[in-house]
$ cat model_30.cif   # mmCIF, C-alpha atoms and all ligand atoms
data_target
#
loop_
_atom_site.label_atom_id
_atom_site.label_comp_id
_atom_site.auth_asym_id
_atom_site.auth_seq_id
_atom_site.Cartn_x
_atom_site.Cartn_y
_atom_site.Cartn_z
CA MET A 1 29.09 -20.65 -12.19
CA ARG A 2 26.49 -20.39 -14.93
CA ASN A 3 25.69 -16.93 -16.23
CA ARG A 4 22.46 -15.40 -17.55
CA HIS A 5 22.33 -12.08 -19.31
CA ALA A 6 19.55 -9.60 -18.66
CA THR A 7 16.78 -9.47 -21.27
CA ALA A 8 14.42 -6.79 -22.52
CA PRO A 9 10.65 -7.30 -22.75
CA ALA A 10 10.78 -6.60 -26.50
CA GLN A 11 12.77 -9.83 -26.94
CA VAL A 12 10.07 -12.05 -25.46
CA PRO A 13 7.71 -12.19 -28.51
CA GLY A 14 10.66 -13.56 -30.52
CA PHE A 15 11.51 -16.30 -28.02
CA ASP A 16 10.30 -19.83 -28.72
CA THR A 17 9.78 -22.28 -25.85
CA ALA A 18 13.45 -23.30 -25.74
CA ALA A 19 14.63 -19.68 -25.68
CA LEU A 20 12.16 -18.76 -22.95
CA ARG A 21 13.39 -21.68 -20.85
CA ALA A 22 17.06 -20.87 -21.57
CA ASN A 23 16.59 -17.30 -20.39
CA TYR A 24 14.23 -17.58 -17.43
CA LEU A 25 14.07 -21.18 -16.12
CA VAL A 26 16.86 -22.62 -13.96
CA GLU A 27 17.18 -26.41 -13.88
CA ASP A 28 19.64 -28.83 -12.25
CA LEU A 29 20.35 -26.78 -9.14
CA PHE A 30 20.87 -29.44 -6.47
CA PRO A 31 23.90 -31.70 -7.00
CA ALA A 32 25.32 -33.63 -4.03
CA ASP A 33 28.99 -32.78 -4.30
CA ARG A 34 29.17 -29.02 -4.89
CA VAL A 35 27.11 -25.86 -4.66
CA GLU A 36 25.73 -25.33 -8.17
CA LEU A 37 25.60 -21.58 -8.83
CA LEU A 38 23.92 -19.36 -11.41
CA HIS A 39 24.48 -15.62 -11.74
CA THR A 40 21.89 -13.44 -13.45
CA HIS A 41 22.69 -9.91 -14.56
CA GLU A 42 19.17 -9.00 -13.40
CA ASP A 43 20.15 -7.16 -10.20
CA ARG A 44 23.31 -9.35 -10.07
CA ILE A 45 21.52 -12.06 -8.11
CA VAL A 46 23.23 -15.42 -7.63
CA ILE A 47 21.20 -18.52 -6.84
CA GLY A 48 22.57 -21.89 -5.88
CA GLY A 49 21.74 -25.27 -4.49
CA VAL A 50 23.26 -28.37 -2.96
CA ALA A 51 21.87 -31.59 -1.50
CA PRO A 52 24.89 -33.21 0.20
CA ALA A 53 24.84 -36.92 0.94
CA ALA A 54 24.47 -37.95 4.59
CA GLY A 55 27.74 -37.65 6.47
CA THR A 56 29.36 -35.34 3.91
CA SER A 57 29.71 -31.59 3.90
CA VAL A 58 30.08 -29.12 1.06
CA ALA A 59 31.69 -25.68 1.35
CA LEU A 60 30.49 -22.61 -0.54
CA GLU A 61 33.42 -21.77 -2.82
CA VAL A 62 33.84 -18.44 -4.54
CA PRO A 63 33.59 -18.78 -8.33
CA ASP A 64 35.97 -16.88 -10.62
CA GLY A 65 33.08 -14.82 -11.99
CA LEU A 66 32.69 -12.96 -8.67
CA ALA A 67 36.34 -11.84 -8.59
CA ALA A 68 36.24 -11.93 -4.79
CA ASP A 69 38.39 -13.49 -2.08
CA TYR A 70 35.36 -15.31 -0.67
CA PHE A 71 31.73 -15.60 -1.72
CA LEU A 72 30.20 -13.17 0.78
CA GLN A 73 32.97 -10.57 0.59
CA ARG A 74 30.58 -8.08 -1.06
CA ARG A 75 27.36 -10.08 -0.83
CA GLU A 76 24.68 -11.32 1.55
CA ALA A 77 22.72 -14.55 1.22
CA GLY A 78 19.53 -16.26 2.30
CA ILE A 79 19.64 -20.03 2.72
CA VAL A 80 16.50 -22.18 2.91
CA ASN A 81 16.35 -25.87 3.70
CA ILE A 82 13.89 -27.06 1.06
CA GLY A 83 14.46 -30.74 1.92
CA ALA A 84 12.22 -33.15 3.78
CA GLY A 85 14.41 -33.41 6.90
CA ALA A 86 16.57 -31.28 9.18
CA GLY A 87 19.93 -29.92 8.08
CA ARG A 88 22.78 -27.87 9.47
CA VAL A 89 24.71 -24.96 8.01
CA THR A 90 27.91 -23.63 9.58
CA VAL A 91 28.88 -19.99 9.10
CA ASP A 92 32.35 -19.02 10.35
CA GLY A 93 32.33 -21.93 12.79
CA THR A 94 28.85 -21.39 14.23
CA GLY A 95 26.38 -24.16 13.41
CA TYR A 96 22.71 -23.42 12.63
CA GLU A 97 20.21 -26.29 12.64
CA LEU A 98 17.69 -25.77 9.86
CA GLU A 99 14.41 -27.64 9.96
CA PRO A 100 12.59 -27.96 6.63
CA ARG A 101 11.56 -24.52 5.31
CA GLU A 102 13.60 -22.62 7.91
CA VAL A 103 15.82 -19.76 6.78
CA LEU A 104 19.32 -18.59 7.57
CA TYR A 105 20.60 -15.15 6.61
CA ALA A 106 24.39 -14.90 6.18
CA GLY A 107 25.65 -11.33 6.24
CA ARG A 108 28.33 -9.63 4.16
CA GLY A 109 31.79 -10.53 5.42
CA SER A 110 30.94 -14.11 6.44
CA ARG A 111 33.93 -16.12 5.23
CA ASP A 112 33.14 -19.80 5.56
CA VAL A 113 29.77 -21.31 4.77
CA VAL A 114 29.48 -25.10 4.97
CA PHE A 115 26.41 -27.20 4.17
CA GLU A 116 26.16 -30.46 6.11
CA GLY A 117 24.59 -33.52 4.57
CA THR A 118 21.90 -35.33 6.50
CA GLY A 119 20.47 -37.32 3.63
CA GLU A 120 17.23 -35.35 3.68
CA ALA A 121 18.28 -31.70 3.73
CA ALA A 122 18.61 -29.72 0.50
CA TYR A 123 19.86 -26.16 0.64
CA TYR A 124 18.76 -23.33 -1.65
CA LEU A 125 20.84 -20.16 -1.60
CA ILE A 126 20.04 -16.74 -3.02
CA SER A 127 22.55 -13.94 -2.84
CA THR A 128 22.41 -10.23 -3.60
CA THR A 129 25.13 -7.57 -3.48
CA ALA A 130 25.52 -5.89 -0.09
CA HIS A 131 27.11 -2.65 0.95
CA ALA A 132 26.81 -3.07 4.72
CA GLU A 133 27.11 -5.90 7.21
CA HIS A 134 23.98 -7.24 8.86
CA PRO A 135 24.28 -10.00 11.47
CA THR A 136 24.02 -13.62 10.41
CA ARG A 137 20.71 -14.87 11.82
CA LYS A 138 18.36 -17.79 11.57
CA ALA A 139 14.55 -17.65 11.72
CA THR A 140 12.26 -20.55 12.51
CA ARG A 141 8.84 -20.85 10.93
CA ALA A 142 7.34 -19.51 14.22
CA GLU A 143 9.55 -16.41 13.95
CA ALA A 144 8.49 -15.66 10.37
CA THR A 145 5.74 -13.14 9.68
CA PRO A 146 2.75 -15.02 8.22
CA VAL A 147 0.36 -13.26 5.85
CA SER A 148 -2.80 -15.15 4.84
CA LEU A 149 -4.17 -14.33 1.40
CA GLY A 150 -6.59 -15.72 -1.15
CA GLU A 151 -9.70 -17.85 -0.96
CA GLN A 152 -10.66 -21.48 -1.44
CA ARG A 153 -13.28 -20.27 -3.96
CA THR A 154 -10.52 -19.02 -6.25
CA SER A 155 -8.11 -21.86 -5.42
CA ASN A 156 -5.47 -19.48 -4.06
CA GLU A 157 -5.79 -19.73 -0.29
CA ARG A 158 -2.21 -19.45 0.92
CA THR A 159 0.15 -18.26 3.64
CA ILE A 160 3.14 -16.12 2.80
CA TYR A 161 5.84 -16.59 5.47
CA LYS A 162 8.11 -13.56 5.36
CA TYR A 163 11.59 -14.24 6.78
CA ILE A 164 14.02 -11.63 5.46
CA HIS A 165 12.15 -8.31 5.27
CA GLU A 166 11.83 -4.92 6.91
CA GLN A 167 10.08 -6.24 10.03
CA GLY A 168 12.06 -9.51 10.23
CA ILE A 169 15.67 -10.45 9.54
CA ARG A 170 17.30 -7.27 8.26
CA SER A 171 19.37 -7.18 5.09
CA CYS A 172 20.76 -4.70 2.58
CA GLN A 173 18.48 -5.58 -0.35
CA LEU A 174 17.44 -9.21 0.00
CA VAL A 175 13.74 -9.87 0.74
CA LEU A 176 12.80 -13.55 1.11
CA GLY A 177 9.96 -15.78 2.18
CA VAL A 178 8.22 -19.08 1.63
CA THR A 179 4.66 -19.38 0.34
CA GLU A 180 2.58 -22.42 1.28
CA LEU A 181 -0.77 -23.16 -0.32
CA ALA A 182 -3.74 -24.59 1.57
CA ALA A 183 -4.74 -28.13 0.61
CA GLY A 184 -6.53 -27.98 -2.73
CA SER A 185 -5.44 -24.43 -3.55
CA MET A 186 -3.34 -24.37 -6.71
CA TRP A 187 -2.86 -20.73 -7.77
CA ASN A 188 -0.07 -18.63 -6.33
CA THR A 189 0.25 -14.88 -6.45
CA MET A 190 -3.17 -13.87 -7.69
CA PRO A 191 -3.59 -11.11 -8.62
CA ALA A 192 -0.27 -11.24 -10.41
CA HIS A 193 1.95 -8.21 -10.13
CA VAL A 194 5.16 -6.58 -11.29
CA HIS A 195 7.68 -4.60 -9.24
CA GLY A 196 9.85 -2.48 -11.49
CA ARG A 197 12.44 -1.76 -8.83
CA ARG A 198 13.20 -5.42 -8.02
CA THR A 199 14.00 -8.73 -9.68
CA GLU A 200 12.28 -11.75 -8.12
CA ILE A 201 13.15 -15.43 -8.31
CA TYR A 202 10.73 -18.24 -7.43
CA LEU A 203 12.13 -21.66 -6.51
CA TYR A 204 9.36 -24.25 -6.62
CA PHE A 205 9.68 -27.25 -4.32
CA GLY A 206 7.65 -29.98 -2.61
CA LEU A 207 6.08 -30.94 -5.96
CA ASP A 208 5.76 -34.63 -6.88
CA PRO A 209 8.23 -35.60 -9.65
CA ASP A 210 5.45 -36.39 -12.13
CA GLN A 211 3.64 -33.09 -11.58
CA ARG A 212 4.35 -29.55 -12.82
CA VAL A 213 3.71 -25.89 -12.10
CA VAL A 214 2.56 -23.78 -15.05
CA HIS A 215 4.24 -20.45 -14.39
CA LEU A 216 3.08 -17.28 -16.15
CA MET A 217 5.66 -14.63 -17.05
CA GLY A 218 6.16 -11.67 -19.35
CA GLU A 219 4.60 -8.26 -19.60
CA PRO A 220 1.02 -8.25 -18.26
CA GLN A 221 -0.38 -7.51 -21.73
CA GLN A 222 1.57 -10.36 -23.37
CA THR A 223 2.16 -13.30 -21.05
CA ARG A 224 4.00 -16.53 -21.77
CA ASN A 225 4.17 -19.75 -19.77
CA LEU A 226 6.92 -22.00 -18.48
CA ILE A 227 6.28 -25.61 -17.43
CA VAL A 228 8.28 -26.00 -14.22
CA ALA A 229 9.31 -29.15 -12.33
CA ASP A 230 10.20 -29.63 -8.69
CA ARG A 231 13.30 -27.75 -7.50
CA GLN A 232 13.46 -25.50 -10.52
CA ALA A 233 13.60 -21.70 -10.39
CA VAL A 234 12.16 -18.91 -12.53
CA ILE A 235 13.81 -15.50 -12.91
CA SER A 236 11.37 -12.58 -13.12
CA PRO A 237 12.87 -9.28 -14.31
CA GLY A 238 11.18 -6.16 -12.98
CA TRP A 239 8.83 -5.95 -15.99
CA SER A 240 7.57 -9.53 -15.74
CA VAL A 241 4.50 -10.81 -13.95
CA HIS A 242 5.04 -13.99 -11.96
CA CYS A 243 2.34 -16.36 -10.85
CA GLY A 244 1.47 -19.97 -11.44
CA PHE A 245 -0.71 -22.95 -10.77
CA GLY A 246 0.32 -26.48 -9.84
CA THR A 247 -1.12 -29.75 -11.00
CA ALA A 248 -0.52 -30.96 -7.41
CA ALA A 249 0.56 -29.53 -4.06
CA TYR A 250 3.73 -27.43 -3.98
CA ALA A 251 5.41 -24.57 -2.14
CA PHE A 252 7.95 -22.00 -3.27
CA VAL A 253 10.69 -19.74 -2.03
CA TRP A 254 10.30 -16.22 -3.38
CA ALA A 255 13.19 -13.82 -3.07
CA MET A 256 13.92 -10.37 -4.44
CA GLY A 257 16.83 -8.03 -4.89
CA GLY A 258 16.85 -4.49 -6.18
CA GLU A 259 16.37 -0.89 -5.24
CA ASN A 260 14.20 -1.23 -2.14
CA THR A 261 13.04 -3.76 0.44
CA ASP A 262 9.42 -2.58 0.59
CA TYR A 263 7.43 -5.79 0.11
CA GLY A 264 4.34 -3.74 -0.76
CA ASP A 265 5.99 -1.89 -3.66
CA VAL A 266 4.13 -3.83 -6.34
CA VAL A 267 1.69 -3.05 -9.16
CA PRO A 268 -1.07 -5.69 -9.22
CA TYR A 269 -2.79 -6.84 -12.41
CA PRO A 270 -6.19 -8.51 -11.97
CA ILE A 271 -6.60 -11.66 -14.08
CA THR A 272 -9.11 -9.79 -16.24
CA GLU A 273 -6.31 -7.46 -17.40
CA LEU A 274 -3.79 -10.17 -18.31
CA ARG A 275 -3.39 -11.15 -21.92
O1 LIG B 1 1.63 -16.17 -3.24
C1 LIG B 1 2.01 -14.99 -3.33
O2 LIG B 1 1.24 -14.04 -3.49
C2 LIG B 1 3.45 -14.73 -3.23
O3 LIG B 1 4.19 -15.54 -2.70
C3 LIG B 1 3.95 -13.48 -3.80
C4 LIG B 1 5.40 -13.20 -3.51
O4 LIG B 1 5.52 -12.93 -2.18
C5 LIG B 1 5.87 -12.10 -4.34
O5 LIG B 1 5.79 -12.14 -5.56
C6 LIG B 1 6.44 -10.93 -3.67
O6 LIG B 1 6.70 -9.90 -4.61
ZN ZN B 2 6.53 -10.47 -6.79
#

$ encode --input "model_30.cif" --output "structure tokens"
Amino acid sequence: MRNRHATAPAQVPGFDTAALRANYLVEDLFPADRVELLHTHEDRIVIGGVAPAAGTSVALEVPDGLAADYFLQRREAGIVNIGAGAGRVTVDGTGYELEPREVLYAGRGSRDVVFEGTGEAAYYLISTTAHAEHPTRKATRAEATPVSLGEQRTSNERTIYKYIHEQGIRSCQLVLGVTELAAGSMWNTMPAHVHGRRTEIYLYFGLDPDQRVVHLMGEPQQTRNLIVADRQAVISPGWSVHCGFGTAAYAFVWAMGGENTDYGDVVPYPITELR
């Protein structure tokens, strides 16, 4: 399991492009033969990914760094099929079919998680610490809570599908959804915001290989940018804005862990206030 230390905002002005990418961008998350994992000390979130070959299956192993008997012994996880075709995840012997962009929540205490390869499915996992057991549950796109935001005029017309949240699949601290942009809309998350009580991670997907998302991060008064490719993630500490624009169509999984699960607990910064 890779490890990322937490950073302070005062470090950011001293980071060059390589250091920014080394601290906040996560690349190479979807191998075929194992679940690639990365732990960040920002709210102790673990993200992972696997894209098993058709006819194979890959189990979620517990890495040494968690010092646990099994991965979800003290954790919960959200799993999203970000691939182009259906997949199947088995949790403690129960199989869950996951169509593209559908979400499975696996509660604390789940022992065996297995990702089945269909050739087209790719599984993204995000895990936060958990102090209580909530039932393992899947949600289809129709069961998600859609929130429509933005306008065509400002190129940010989009639908935020909330899956794991206070009115949806319940969790200890994980809040997760998928944002889809309307055709021609390129900007996500405008106005940008921060939420000091939670870390958020965006996993961009559905982007053509020769296109990129320009992701803005940093304190609102001193932003930096990361050039992000398909299936790469960006870690946003509680002090960092997070928004971006794509050079072509894309979607992203956003997920948060931290002190509360109140989706609305954010401080927005209009574009006119960003520097
Ligand atoms: O497009 C958006 O706006 C988002 O997807 C915002 C995320 O939901 C988010 O950052 C939640 O804090
Ligand atoms: Zn946010």

$ residues_near_ligand --input "model_30.cif" --ligand "ligand LIG 1 (chain B)" --cutoff "9 Å" --atoms "all atoms listed in the file" --output "PDB file with C-alpha atoms, in the frame of the given file"
ATOM      1  CA  LEU A 149      -4.170 -14.330   1.400  1.00  0.00           C
ATOM      2  CA  GLY A 150      -6.590 -15.720  -1.150  1.00  0.00           C
ATOM      3  CA  ASN A 156      -5.470 -19.480  -4.060  1.00  0.00           C
ATOM      4  CA  GLU A 157      -5.790 -19.730  -0.290  1.00  0.00           C
ATOM      5  CA  ARG A 158      -2.210 -19.450   0.920  1.00  0.00           C
ATOM      6  CA  THR A 159       0.150 -18.260   3.640  1.00  0.00           C
ATOM      7  CA  ILE A 160       3.140 -16.120   2.800  1.00  0.00           C
ATOM      8  CA  TYR A 161       5.840 -16.590   5.470  1.00  0.00           C
ATOM      9  CA  LYS A 162       8.110 -13.560   5.360  1.00  0.00           C
ATOM     10  CA  VAL A 175      13.740  -9.870   0.740  1.00  0.00           C
ATOM     11  CA  LEU A 176      12.800 -13.550   1.110  1.00  0.00           C
ATOM     12  CA  GLY A 177       9.960 -15.780   2.180  1.00  0.00           C
ATOM     13  CA  VAL A 178       8.220 -19.080   1.630  1.00  0.00           C
ATOM     14  CA  THR A 179       4.660 -19.380   0.340  1.00  0.00           C
ATOM     15  CA  GLU A 180       2.580 -22.420   1.280  1.00  0.00           C
ATOM     16  CA  LEU A 181      -0.770 -23.160  -0.320  1.00  0.00           C
ATOM     17  CA  TRP A 187      -2.860 -20.730  -7.770  1.00  0.00           C
ATOM     18  CA  ASN A 188      -0.070 -18.630  -6.330  1.00  0.00           C
ATOM     19  CA  THR A 189       0.250 -14.880  -6.450  1.00  0.00           C
ATOM     20  CA  MET A 190      -3.170 -13.870  -7.690  1.00  0.00           C
ATOM     21  CA  PRO A 191      -3.590 -11.110  -8.620  1.00  0.00           C
ATOM     22  CA  ALA A 192      -0.270 -11.240 -10.410  1.00  0.00           C
ATOM     23  CA  HIS A 193       1.950  -8.210 -10.130  1.00  0.00           C
ATOM     24  CA  VAL A 194       5.160  -6.580 -11.290  1.00  0.00           C
ATOM     25  CA  HIS A 195       7.680  -4.600  -9.240  1.00  0.00           C
ATOM     26  CA  ARG A 198      13.200  -5.420  -8.020  1.00  0.00           C
ATOM     27  CA  THR A 199      14.000  -8.730  -9.680  1.00  0.00           C
ATOM     28  CA  GLU A 200      12.280 -11.750  -8.120  1.00  0.00           C
ATOM     29  CA  ILE A 201      13.150 -15.430  -8.310  1.00  0.00           C
ATOM     30  CA  TYR A 202      10.730 -18.240  -7.430  1.00  0.00           C
ATOM     31  CA  VAL A 241       4.500 -10.810 -13.950  1.00  0.00           C
ATOM     32  CA  HIS A 242       5.040 -13.990 -11.960  1.00  0.00           C
ATOM     33  CA  CYS A 243       2.340 -16.360 -10.850  1.00  0.00           C
ATOM     34  CA  PHE A 252       7.950 -22.000  -3.270  1.00  0.00           C
ATOM     35  CA  VAL A 253      10.690 -19.740  -2.030  1.00  0.00           C
ATOM     36  CA  TRP A 254      10.300 -16.220  -3.380  1.00  0.00           C
ATOM     37  CA  ALA A 255      13.190 -13.820  -3.070  1.00  0.00           C
ATOM     38  CA  MET A 256      13.920 -10.370  -4.440  1.00  0.00           C
ATOM     39  CA  TYR A 263       7.430  -5.790   0.110  1.00  0.00           C
ATOM     40  CA  GLY A 264       4.340  -3.740  -0.760  1.00  0.00           C
ATOM     41  CA  ASP A 265       5.990  -1.890  -3.660  1.00  0.00           C
ATOM     42  CA  VAL A 266       4.130  -3.830  -6.340  1.00  0.00           C
TER      43      VAL A 266
END

$ closest_residue --input "model_30.cif" --among "A:Ile235, A:Ile227, A:Ala59, A:Ile164" --to "ligand ZN 2 (chain B)" --atoms "all atoms listed in the file"
A:Ile235

$ closest_residue --input "model_30.cif" --among "A:Ile79, A:Leu72, A:Ala86, A:Ala142" --to "Asp112 in chain A" --atoms "all atoms listed in the file"
A:Leu72

$ closest_residue --input "model_30.cif" --among "A:Phe30, A:Phe245, A:Tyr204, A:Tyr105" --to "Val80 in chain A" --atoms "all atoms listed in the file"
A:Tyr105

$ closest_residue --input "model_30.cif" --among "A:Val62, A:Ile169, A:Ala182, A:Ala6" --to "Ala22 in chain A" --atoms "all atoms listed in the file"
A:Ala6

$ closest_residue --input "model_30.cif" --among "A:Ala67, A:Leu174, A:Val35, A:Val267" --to "ligand ZN 2 (chain B)" --atoms "all atoms listed in the file"
A:Val267

$ closest_residue --input "model_30.cif" --among "A:Arg75, A:Arg4, A:Arg197, A:His39" --to "ligand ZN 2 (chain B)" --atoms "only C-alpha atoms and all ligand atoms"
A:Arg197

$ residues_around --input "model_30.cif" --residues "Thr247 in chain A" --least-positions-apart "6" --cutoff "7 Å" --atoms "all atoms listed in the file" --output "number ranges by chain"
A: 211-213

$ atom_distance --input "model_30.cif" --atom1 "CA of Gly258 in chain A" --atom2 "CA of Ile45 in chain A"
9.1 Å

$ atom_distance --input "model_30.cif" --atom1 "CA of Thr90 in chain A" --atom2 "CA of Tyr124 in chain A"
14.5 Å

$ atom_distance --input "model_30.cif" --atom1 "CA of Gly119 in chain A" --atom2 "CA of Arg231 in chain A"
16.3 Å
